file query-v1.txt (compact mmCIF, C-alpha atoms and all ligand atoms)
# COMPACT_ATOMS: atom_id res chain seq x y z
CA MET H 1 -21.76 -12.97 -2.69
CA GLY H 2 -25.13 -12.84 -4.36
CA THR H 3 -25.51 -9.06 -4.09
CA PHE H 4 -27.18 -7.86 -7.26
CA GLU H 5 -25.24 -5.08 -8.90
CA PRO H 6 -26.65 -3.61 -12.09
CA GLY H 7 -24.40 -3.13 -15.06
CA ASP H 8 -22.99 0.25 -15.92
CA GLU H 9 -24.09 1.81 -19.20
CA ARG H 10 -20.95 3.95 -19.45
CA LEU H 11 -18.71 0.92 -19.00
CA ARG H 12 -20.64 -1.02 -21.66
CA GLY H 13 -20.15 1.86 -24.06
CA TRP H 14 -16.46 2.17 -23.19
CA VAL H 15 -15.77 -1.55 -23.75
CA ALA H 16 -17.71 -1.52 -27.04
CA ALA H 17 -15.86 1.56 -28.30
CA HIS H 18 -12.28 0.22 -28.19
CA ARG H 19 -10.57 -2.39 -30.35
CA ARG H 20 -7.16 -2.95 -28.73
CA VAL H 21 -7.54 -2.60 -24.99
CA PHE H 22 -4.62 -2.95 -22.61
CA ALA H 23 -6.00 -4.20 -19.29
CA LEU H 24 -4.23 -4.03 -15.94
CA THR H 25 -5.70 -6.21 -13.20
CA GLY H 26 -5.08 -6.51 -9.48
CA ALA H 27 -6.14 -8.22 -6.28
CA GLY H 28 -9.77 -7.09 -6.62
CA CYS H 29 -10.19 -9.64 -9.44
CA SER H 30 -9.25 -12.52 -7.14
CA THR H 31 -10.89 -11.64 -3.82
CA ALA H 32 -14.07 -13.45 -4.93
CA SER H 33 -11.90 -16.55 -5.38
CA GLY H 34 -10.99 -16.42 -1.69
CA ILE H 35 -7.61 -14.71 -2.01
CA PRO H 36 -7.56 -11.64 0.27
CA ASP H 37 -6.20 -8.28 -0.84
CA TYR H 38 -3.81 -5.93 0.96
CA ARG H 39 -5.65 -2.64 0.75
CA ASP H 40 -8.90 -1.23 2.04
CA ASP H 41 -11.32 1.00 0.10
CA GLN H 42 -9.10 3.99 0.82
CA GLY H 43 -6.02 2.29 -0.60
CA GLU H 44 -4.48 1.89 2.87
CA TRP H 45 -2.84 -1.25 4.25
CA LYS H 46 -5.36 -3.59 5.90
CA ARG H 47 -2.58 -5.56 7.56
CA ARG H 48 1.15 -5.70 8.10
CA PRO H 49 2.80 -4.83 4.76
CA PRO H 50 4.43 -7.75 2.90
CA VAL H 51 8.02 -8.78 3.51
CA MET H 52 10.78 -6.75 1.85
CA ILE H 53 13.34 -8.57 -0.26
CA GLN H 54 16.28 -7.25 1.76
CA ALA H 55 14.94 -8.75 5.00
CA PHE H 56 13.98 -11.99 3.25
CA ARG H 57 17.52 -12.46 1.97
CA GLY H 58 19.34 -11.14 5.01
CA GLU H 59 17.48 -12.27 8.12
CA ASP H 60 17.01 -15.94 9.02
CA ALA H 61 13.96 -15.18 11.17
CA VAL H 62 12.21 -13.33 8.34
CA TYR H 63 13.02 -16.13 5.88
CA ARG H 64 11.66 -18.78 8.26
CA ARG H 65 8.56 -16.75 9.01
CA TYR H 66 7.87 -16.22 5.31
CA TRP H 67 8.04 -19.92 4.50
CA ALA H 68 6.10 -21.07 7.59
CA ARG H 69 3.26 -18.74 6.65
CA ALA H 70 3.44 -19.62 2.96
CA TYR H 71 3.42 -23.32 3.85
CA ALA H 72 0.30 -22.82 5.97
CA GLY H 73 -1.41 -20.76 3.26
CA TRP H 74 -0.63 -22.95 0.27
CA THR H 75 -3.48 -25.46 0.50
CA ARG H 76 -6.10 -22.76 0.38
CA PHE H 77 -4.25 -20.63 -2.18
CA SER H 78 -3.64 -23.49 -4.59
CA ALA H 79 -7.27 -24.61 -4.35
CA ALA H 80 -8.63 -21.20 -5.45
CA ALA H 81 -10.68 -21.30 -8.65
CA PRO H 82 -11.17 -18.55 -11.25
CA GLY H 83 -14.09 -16.19 -10.63
CA SER H 84 -16.36 -14.06 -12.75
CA ALA H 85 -13.72 -11.37 -13.34
CA HIS H 86 -11.26 -13.93 -14.71
CA ARG H 87 -13.94 -15.46 -16.94
CA ALA H 88 -14.97 -12.03 -18.21
CA PHE H 89 -11.41 -11.24 -19.34
CA ALA H 90 -11.10 -14.63 -21.05
CA ALA H 91 -14.35 -13.96 -22.95
CA TRP H 92 -13.12 -10.51 -23.88
CA GLU H 93 -9.88 -11.88 -25.27
CA ALA H 94 -11.81 -14.48 -27.28
CA ALA H 95 -13.95 -11.70 -28.71
CA GLY H 96 -10.81 -10.11 -30.13
CA THR H 97 -10.77 -6.60 -28.70
CA LEU H 98 -8.63 -7.20 -25.61
CA HIS H 99 -5.08 -6.67 -26.82
CA ARG H 100 -3.10 -7.62 -23.72
CA LEU H 101 -3.80 -8.43 -20.10
CA VAL H 102 -1.17 -7.40 -17.59
CA THR H 103 -1.86 -8.67 -14.10
CA GLN H 104 -0.33 -7.74 -10.79
CA ASN H 105 -1.70 -10.98 -9.33
CA VAL H 106 0.57 -13.97 -8.82
CA ASP H 107 -2.15 -16.63 -8.68
CA GLY H 108 -2.37 -17.71 -12.35
CA LEU H 109 -6.18 -17.54 -12.23
CA HIS H 110 -6.47 -15.55 -15.48
CA GLN H 111 -4.70 -18.34 -17.35
CA ARG H 112 -6.80 -20.99 -15.67
CA ALA H 113 -9.92 -19.14 -16.83
CA GLY H 114 -8.64 -19.35 -20.41
CA SER H 115 -6.76 -16.07 -20.98
CA ARG H 116 -3.66 -16.47 -23.17
CA ALA H 117 -2.28 -12.97 -23.82
CA VAL H 118 -1.26 -12.48 -20.19
CA ILE H 119 1.83 -10.86 -18.71
CA ASP H 120 2.34 -11.81 -15.06
CA LEU H 121 3.92 -8.51 -14.06
CA HIS H 122 4.86 -9.66 -10.57
CA GLY H 123 5.58 -13.30 -11.43
CA ARG H 124 3.88 -16.50 -10.32
CA LEU H 125 3.64 -18.11 -6.93
CA ASP H 126 3.52 -21.64 -8.35
CA VAL H 127 7.21 -21.52 -9.31
CA VAL H 128 10.16 -21.37 -6.90
CA VAL H 129 13.63 -20.12 -7.80
CA CYS H 130 16.92 -20.69 -5.96
CA LEU H 131 18.77 -17.47 -5.16
CA GLY H 132 22.04 -19.42 -5.21
CA CYS H 133 22.02 -21.52 -8.39
CA ALA H 134 18.91 -20.13 -10.10
CA ALA H 135 17.31 -23.60 -10.34
CA ARG H 136 13.57 -23.41 -10.86
CA THR H 137 11.17 -25.91 -9.30
CA SER H 138 7.46 -26.18 -8.79
CA ARG H 139 5.95 -24.80 -5.65
CA ALA H 140 3.80 -27.92 -5.32
CA ALA H 141 6.95 -30.07 -5.19
CA LEU H 142 8.47 -27.77 -2.59
CA GLN H 143 5.31 -28.06 -0.51
CA ALA H 144 5.80 -31.83 -0.41
CA ASP H 145 9.46 -31.33 0.58
CA MET H 146 8.43 -28.98 3.39
CA THR H 147 5.86 -31.49 4.63
CA ALA H 148 8.56 -34.16 4.75
CA ALA H 149 10.89 -31.81 6.64
CA ASN H 150 8.21 -30.78 9.13
CA PRO H 151 6.37 -34.05 9.91
CA ALA H 152 4.86 -32.99 13.23
CA TRP H 153 4.35 -29.33 12.43
CA GLN H 154 0.90 -27.82 12.62
CA SER H 155 -0.64 -24.41 13.08
CA VAL H 156 -3.97 -22.69 13.24
CA SER H 157 -4.01 -20.30 10.31
CA ALA H 158 -6.12 -17.60 8.72
CA PRO H 159 -5.70 -16.76 5.05
CA ALA H 160 -3.75 -13.66 4.01
CA PRO H 161 -2.81 -12.19 0.59
CA ASP H 162 -0.55 -13.93 -1.97
CA GLY H 163 -0.82 -17.40 -0.45
CA ASP H 164 0.29 -16.11 2.93
CA ALA H 165 -1.43 -17.04 6.20
CA ASP H 166 -1.52 -15.59 9.70
CA ILE H 167 -0.07 -18.11 12.16
CA ASP H 168 1.23 -17.91 15.71
CA ALA H 169 4.85 -17.12 16.59
CA ALA H 170 5.54 -20.51 18.19
CA ALA H 171 4.61 -22.26 14.97
CA VAL H 172 7.04 -20.03 13.07
CA ASP H 173 9.87 -20.83 15.49
CA ALA H 174 9.25 -24.57 15.11
CA PHE H 175 9.28 -24.52 11.31
CA ALA H 176 12.24 -25.93 9.35
CA ALA H 177 12.63 -23.50 6.43
CA PRO H 178 13.47 -25.00 3.03
CA ARG H 179 16.82 -24.76 1.24
CA CYS H 180 17.83 -25.62 -2.30
CA GLY H 181 18.44 -29.36 -2.64
CA ARG H 182 21.33 -28.77 -5.04
CA CYS H 183 23.32 -25.89 -3.56
CA GLY H 184 21.80 -25.15 -0.14
CA GLY H 185 20.82 -21.64 -1.28
CA LEU H 186 17.80 -19.64 -0.23
CA LEU H 187 14.56 -20.40 -2.06
CA LYS H 188 12.16 -17.72 -3.16
CA PRO H 189 8.84 -17.90 -4.95
CA ASP H 190 9.26 -16.51 -8.47
CA VAL H 191 7.42 -13.33 -7.62
CA VAL H 192 8.55 -9.73 -7.40
CA PHE H 193 8.88 -8.89 -3.73
CA PHE H 194 8.47 -5.42 -2.31
CA GLY H 195 11.84 -3.74 -2.76
CA GLU H 196 12.50 -5.58 -6.04
CA ASN H 197 12.01 -4.38 -9.60
CA VAL H 198 9.95 -6.05 -12.29
CA PRO H 199 12.43 -7.85 -14.62
CA ALA H 200 13.39 -5.51 -17.49
CA GLU H 201 12.24 -7.76 -20.36
CA ARG H 202 8.87 -8.31 -18.72
CA TYR H 203 8.37 -4.60 -18.22
CA ALA H 204 9.42 -3.90 -21.82
CA ALA H 205 6.89 -6.44 -23.13
CA ALA H 206 4.12 -4.73 -21.20
CA ARG H 207 5.23 -1.27 -22.26
CA ASP H 208 5.32 -2.37 -25.92
CA ALA H 209 1.80 -3.80 -25.60
CA LEU H 210 0.59 -0.50 -24.19
CA ALA H 211 2.15 1.35 -27.14
CA GLU H 212 0.03 -0.81 -29.48
CA ALA H 213 -3.18 -0.28 -27.51
CA ASP H 214 -6.00 2.18 -28.14
CA ALA H 215 -7.21 2.36 -24.53
CA LEU H 216 -6.34 1.25 -21.00
CA LEU H 217 -8.64 -0.40 -18.47
CA VAL H 218 -7.72 -0.97 -14.83
CA ALA H 219 -9.72 -3.60 -12.93
CA GLY H 220 -9.50 -4.39 -9.24
CA SER H 221 -6.37 -2.45 -8.34
CA SER H 222 -5.84 0.50 -6.03
CA LEU H 223 -2.71 1.28 -8.14
CA MET H 224 -0.73 1.92 -4.96
CA VAL H 225 2.21 -0.05 -6.35
CA TYR H 226 4.21 2.00 -8.83
CA SER H 227 4.95 -0.93 -11.17
CA GLY H 228 1.26 -0.92 -12.12
CA PHE H 229 0.54 2.78 -11.74
CA ARG H 230 3.23 3.75 -14.24
CA PHE H 231 1.20 2.23 -17.10
CA VAL H 232 -1.68 4.52 -16.19
CA ARG H 233 0.69 7.49 -16.24
CA GLN H 234 2.09 6.43 -19.61
CA ALA H 235 -1.38 5.94 -21.07
CA HIS H 236 -2.40 9.36 -19.81
CA GLU H 237 0.69 10.98 -21.33
CA ALA H 238 -0.06 9.24 -24.64
CA GLY H 239 -3.61 10.57 -24.59
CA LEU H 240 -5.26 7.13 -24.37
CA PRO H 241 -8.74 6.83 -22.90
CA ILE H 242 -8.52 5.34 -19.38
CA ALA H 243 -11.26 3.50 -17.50
CA ILE H 244 -10.97 2.23 -13.93
CA VAL H 245 -13.27 -0.38 -12.38
CA ASN H 246 -12.64 -0.86 -8.70
CA ARG H 247 -14.29 -1.00 -5.32
CA GLY H 248 -12.81 2.01 -3.59
CA ARG H 249 -10.54 4.85 -4.58
CA THR H 250 -7.38 4.40 -6.61
CA ARG H 251 -4.22 6.36 -7.19
CA GLY H 252 -5.23 6.77 -10.85
CA ASP H 253 -8.69 8.27 -10.33
CA ASP H 254 -7.59 11.75 -11.36
CA LEU H 255 -6.19 10.41 -14.65
CA ALA H 256 -9.24 8.35 -15.63
CA ASP H 257 -11.89 9.39 -18.13
CA LEU H 258 -14.26 6.86 -16.59
CA LYS H 259 -14.31 5.54 -13.03
CA VAL H 260 -16.84 2.87 -12.07
CA GLU H 261 -17.13 1.78 -8.45
CA GLY H 262 -18.38 -1.67 -7.56
CA ASP H 263 -17.84 -5.38 -7.95
CA VAL H 264 -15.28 -5.94 -10.69
CA GLY H 265 -16.57 -9.38 -11.68
CA SER H 266 -20.21 -8.45 -12.16
CA LEU H 267 -19.49 -5.10 -13.82
CA LEU H 268 -17.10 -6.59 -16.37
CA THR H 269 -19.24 -9.65 -17.00
CA ASP H 270 -22.10 -7.32 -17.88
CA ALA H 271 -20.04 -4.97 -20.04
CA ILE H 272 -18.35 -7.74 -21.98
CA ALA H 273 -21.57 -9.71 -22.45
CA ALA H 274 -23.06 -6.54 -23.95
CA ARG H 275 -20.02 -6.35 -26.26
CA VAL H 276 -20.09 -10.06 -27.12
CA PRO H 277 -23.52 -11.43 -28.11
CA ALA H 278 -24.29 -14.80 -26.51
CA GLY H 279 -22.59 -17.64 -28.37
CA ASP H 280 -20.27 -15.29 -30.23
CA ALA H 281 -17.27 -15.62 -27.95
CA ALA H 282 -16.40 -19.16 -29.00
CA ARG H 283 -16.00 -18.38 -32.68
ZN ZN R 301 20.40 -23.78 -5.60
call {"tool": "encode", "arguments": {"input": "query-v1.txt", "output": "structure tokens"}}
result
Amino acid sequence: MGTFEPGDERLRGWVAAHRRVFALTGAGCSTASGIPDYRDDQGEWKRRPPVMIQAFRGEDAVYRRYWARAYAGWTRFSAAAPGSAHRAFAAWEAAGTLHRLVTQNVDGLHQRAGSRAVIDLHGRLDVVVCLGCAARTSRAALQADMTAANPAWQSVSAPAPDGDADIDAAAVDAFAAPRCGRCGGLLKPDVVFFGENVPAERYAAARDALAEADALLVAGSSLMVYSGFRFVRQAHEAGLPIAIVNRGRTRGDDLADLKVEGDVGSLLTDAIAARVPAGDAAR
């Protein structure tokens, strides 16, 4: 933090030139809030890839490990506050030229910064759904239930992406994994796991928003996940101008008209402040 990064004249011009921007955001918008990302600057996995839905549903050990790690990671994850990237998008929306914000993040930080026109493409980690009876509950309530079910449990943990945490194997083995209080079914955070598809209505809403847009901006995503990358492909096929702001390479670099490397928060704050004169955003 604190590294001075100058604004980018091309990005200022790009933001000022479009009236109905479709923005796609990823983990790079939330790393400054203390939520790690999965990929390095080359778009490669930094760590063990996330759990697949098939293993989560089918293997007790995977289910227990998921929830033990999520339990350990929740305090830090839920305490994360919006950063400069989230605030920049909220200011942009208030200025009236950001048409829709589609995020691959599951942390809800865009909404907490004040964004309203948000589609949570991969769902939200603060909601839990039962795979048996489809009951939905809050993740905070489940955390309290897990504490009650694991009174003596403790672990040394290090934060990992999506509210996950690295903990030792013995702690996993000792953890009592949660079950639905109504039907005994498996519980899953209401997020799209690897191996799952984005719900059809949610995808359609994002696709429709893109059809109404005059440009696409990607911020803080390596675009390695197809559910996000396909919007870049669609925008390219439709002939829309595409800008990408990211630290490191992305899968969409060849399709972009403008690629700006660097800190997403400071670059967007600068470009949107140039678009929105001071004091104008609140009107
Ligand atoms: Zn249930």
call {"tool": "atom_distance", "arguments": {"input": "query-v1.txt", "atom1": "CA of Phe193 (chain H)", "atom2": "CA of Pro50 (chain H)"}}
result
8.1 Å
call {"tool": "residues_around", "arguments": {"input": "query-v1.txt", "residues": "Val102 (chain H)", "least_positions_apart": "6", "cutoff": "8 Å", "atoms": "all atoms listed in the file", "output": "PyMOL selection string"}}
result
chain H and resi 22-25+118-121+206
call {"tool": "residues_near_ligand", "arguments": {"input": "query-v1.txt", "ligand": "ligand ZN 301 (chain R)", "cutoff": "12 Å", "atoms": "all atoms listed in the file", "output": "MDAnalysis selection string"}}
result
chainID H and resid 128:137 178:188
call {"tool": "closest_residue", "arguments": {"input": "query-v1.txt", "among": "H:Arg233, H:Arg116, H:Arg20, H:Arg139", "to": "Gly96 (chain H)", "atoms": "all atoms listed in the file"}}
result
H:Arg20
call {"tool": "closest_atom_pairs", "arguments": {"input": "query-v1.txt", "of": "region 205-241 of chain H", "to": "region 248-262 of chain H", "cutoff": "9 Å", "atoms": "all atoms listed in the file", "output": "tab-separated table"}}
result
residue	atom	partner	partner_atom	distance
H:Ser221	CA	H:Thr250	CA	7.1
H:Ser222	CA	H:Thr250	CA	4.2
H:Leu223	CA	H:Arg251	CA	5.4
H:Met224	CA	H:Arg251	CA	6.1
H:Phe229	CA	H:Gly252	CA	7.1
H:Val232	CA	H:Gly252	CA	6.8
H:Arg233	CA	H:Leu255	CA	7.6
H:His236	CA	H:Leu255	CA	6.5
H:Pro241	CA	H:Asp257	CA	6.3
call {"tool": "atom_distance", "arguments": {"input": "query-v1.txt", "atom1": "CA of Ala85 (chain H)", "atom2": "CA of Asp164 (chain H)"}}
result
22.0 Å
call {"tool": "residues_around", "arguments": {"input": "query-v1.txt", "residues": "Arg275 (chain H)", "least_positions_apart": "4", "cutoff": "12 Å", "atoms": "only C-alpha atoms", "output": "ChimeraX atom specification"}}
result
/H:9,11-19,88,91-98,268-271,279-281
call {"tool": "residues_around", "arguments": {"input": "query-v1.txt", "residues": "Gly26 (chain H)", "least_positions_apart": "3", "cutoff": "8 Å", "atoms": "all atoms listed in the file", "output": "list in words"}}
result
Cys29, Ser30, Thr103, Gln104, Asn105, Ala219, Gly220, Ser221 and Ser222 of chain H
call {"tool": "atom_distance", "arguments": {"input": "query-v1.txt", "atom1": "CA of Glu196 (chain H)", "atom2": "CA of Met52 (chain H)"}}
result
8.2 Å
call {"tool": "closest_residue", "arguments": {"input": "query-v1.txt", "among": "H:Pro189, H:Ala81, H:His122, H:Ala27", "to": "Trp67 (chain H)", "atoms": "only C-alpha atoms"}}
result
H:Pro189
call {"tool": "closest_residue", "arguments": {"input": "query-v1.txt", "among": "H:Ala72, H:Val62, H:Ala80, H:Ile272", "to": "Asp168 (chain H)", "atoms": "only C-alpha atoms"}}
result
H:Ala72
call {"tool": "closest_residue", "arguments": {"input": "query-v1.txt", "among": "H:Ser84, H:Gln154, H:Ser78, H:Gln54", "to": "Thr31 (chain H)", "atoms": "only C-alpha atoms"}}
result
H:Ser84
call {"tool": "build_atoms", "arguments": {"input": "query-v1.txt", "residues": "region 102-113 of chain H", "atoms": "all heavy atoms", "output": "CSV table (one decimal), keeping the file's coordinate frame"}}
result
chain,number,residue,atom,x,y,z
H,102,VAL,N,-2.3,-7.4,-18.5
H,102,VAL,CA,-1.2,-7.4,-17.6
H,102,VAL,C,-1.7,-7.5,-16.2
H,102,VAL,O,-2.6,-6.7,-15.8
H,102,VAL,CB,-0.4,-6.1,-17.8
H,102,VAL,CG1,0.7,-6.0,-16.7
H,102,VAL,CG2,0.2,-6.0,-19.2
H,103,THR,N,-1.3,-8.5,-15.4
H,103,THR,CA,-1.9,-8.7,-14.1
H,103,THR,C,-0.8,-8.5,-13.0
H,103,THR,O,0.4,-8.9,-13.2
H,103,THR,CB,-2.6,-10.0,-13.9
H,103,THR,OG1,-3.2,-10.0,-12.6
H,103,THR,CG2,-1.6,-11.2,-14.0
H,104,GLN,N,-1.2,-7.9,-12.0
H,104,GLN,CA,-0.3,-7.7,-10.8
H,104,GLN,C,-0.5,-8.9,-9.9
H,104,GLN,O,0.2,-9.1,-8.9
H,104,GLN,CB,-0.7,-6.5,-10.0
H,104,GLN,CG,-0.5,-5.2,-10.8
H,104,GLN,CD,-1.1,-4.0,-10.1
H,104,GLN,OE1,-2.3,-3.8,-10.0
H,104,GLN,NE2,-0.2,-3.1,-9.6
H,105,ASN,N,-1.4,-9.8,-10.2
H,105,ASN,CA,-1.7,-11.0,-9.3
H,105,ASN,C,-0.7,-12.1,-9.6
H,105,ASN,O,-0.2,-12.2,-10.8
H,105,ASN,CB,-3.1,-11.5,-9.5
H,105,ASN,CG,-4.2,-10.4,-9.2
H,105,ASN,OD1,-3.9,-9.5,-8.4
H,105,ASN,ND2,-5.4,-10.6,-9.7
H,106,VAL,N,-0.4,-12.9,-8.7
H,106,VAL,CA,0.6,-14.0,-8.8
H,106,VAL,C,-0.1,-15.4,-8.7
H,106,VAL,O,0.6,-16.4,-8.6
H,106,VAL,CB,1.7,-13.8,-7.7
H,106,VAL,CG1,2.5,-12.6,-7.9
H,106,VAL,CG2,1.1,-13.9,-6.3
H,107,ASP,N,-1.4,-15.4,-8.9
H,107,ASP,CA,-2.2,-16.6,-8.7
H,107,ASP,C,-2.4,-17.5,-9.9
H,107,ASP,O,-2.9,-18.6,-9.8
H,107,ASP,CB,-3.5,-16.3,-8.0
H,107,ASP,CG,-4.3,-15.2,-8.7
H,107,ASP,OD1,-4.3,-15.2,-9.9
H,107,ASP,OD2,-4.9,-14.4,-8.0
H,108,GLY,N,-2.1,-16.9,-11.1
H,108,GLY,CA,-2.4,-17.7,-12.4
H,108,GLY,C,-3.8,-17.9,-12.7
H,108,GLY,O,-4.1,-18.7,-13.6
H,109,LEU,N,-4.8,-17.3,-12.0
H,109,LEU,CA,-6.2,-17.5,-12.2
H,109,LEU,C,-6.7,-17.0,-13.6
H,109,LEU,O,-7.6,-17.6,-14.1
H,109,LEU,CB,-7.0,-17.0,-11.1
H,109,LEU,CG,-6.8,-17.7,-9.7
H,109,LEU,CD1,-7.7,-17.0,-8.7
H,109,LEU,CD2,-7.2,-19.2,-9.8
H,110,HIS,N,-6.1,-16.0,-14.1
H,110,HIS,CA,-6.5,-15.6,-15.5
H,110,HIS,C,-6.2,-16.7,-16.5
H,110,HIS,O,-7.0,-17.0,-17.3
H,110,HIS,CB,-5.7,-14.3,-15.9
H,110,HIS,CG,-6.2,-13.0,-15.3
H,110,HIS,ND1,-7.5,-12.6,-15.5
H,110,HIS,CD2,-5.7,-12.1,-14.5
H,110,HIS,CE1,-7.7,-11.4,-14.9
H,110,HIS,NE2,-6.6,-11.1,-14.2
H,111,GLN,N,-5.0,-17.3,-16.4
H,111,GLN,CA,-4.7,-18.3,-17.4
H,111,GLN,C,-5.6,-19.5,-17.2
H,111,GLN,O,-6.1,-20.2,-18.1
H,111,GLN,CB,-3.2,-18.8,-17.2
H,111,GLN,CG,-2.2,-17.7,-17.7
H,111,GLN,CD,-1.8,-16.7,-16.6
H,111,GLN,OE1,-2.5,-16.5,-15.6
H,111,GLN,NE2,-0.7,-16.1,-16.8
H,112,ARG,N,-5.9,-19.8,-15.9
H,112,ARG,CA,-6.8,-21.0,-15.7
H,112,ARG,C,-8.2,-20.7,-16.2
H,112,ARG,O,-9.0,-21.7,-16.5
H,112,ARG,CB,-6.8,-21.4,-14.2
H,112,ARG,CG,-5.5,-22.2,-13.8
H,112,ARG,CD,-5.4,-22.5,-12.4
H,112,ARG,NE,-6.6,-23.1,-11.9
H,112,ARG,CZ,-6.9,-23.2,-10.6
H,112,ARG,NH1,-6.1,-22.7,-9.7
H,112,ARG,NH2,-8.1,-23.7,-10.2
H,113,ALA,N,-8.6,-19.5,-16.3
H,113,ALA,CA,-9.9,-19.1,-16.8
H,113,ALA,C,-9.9,-19.2,-18.4
H,113,ALA,O,-11.0,-19.0,-19.0
H,113,ALA,CB,-10.4,-17.8,-16.3
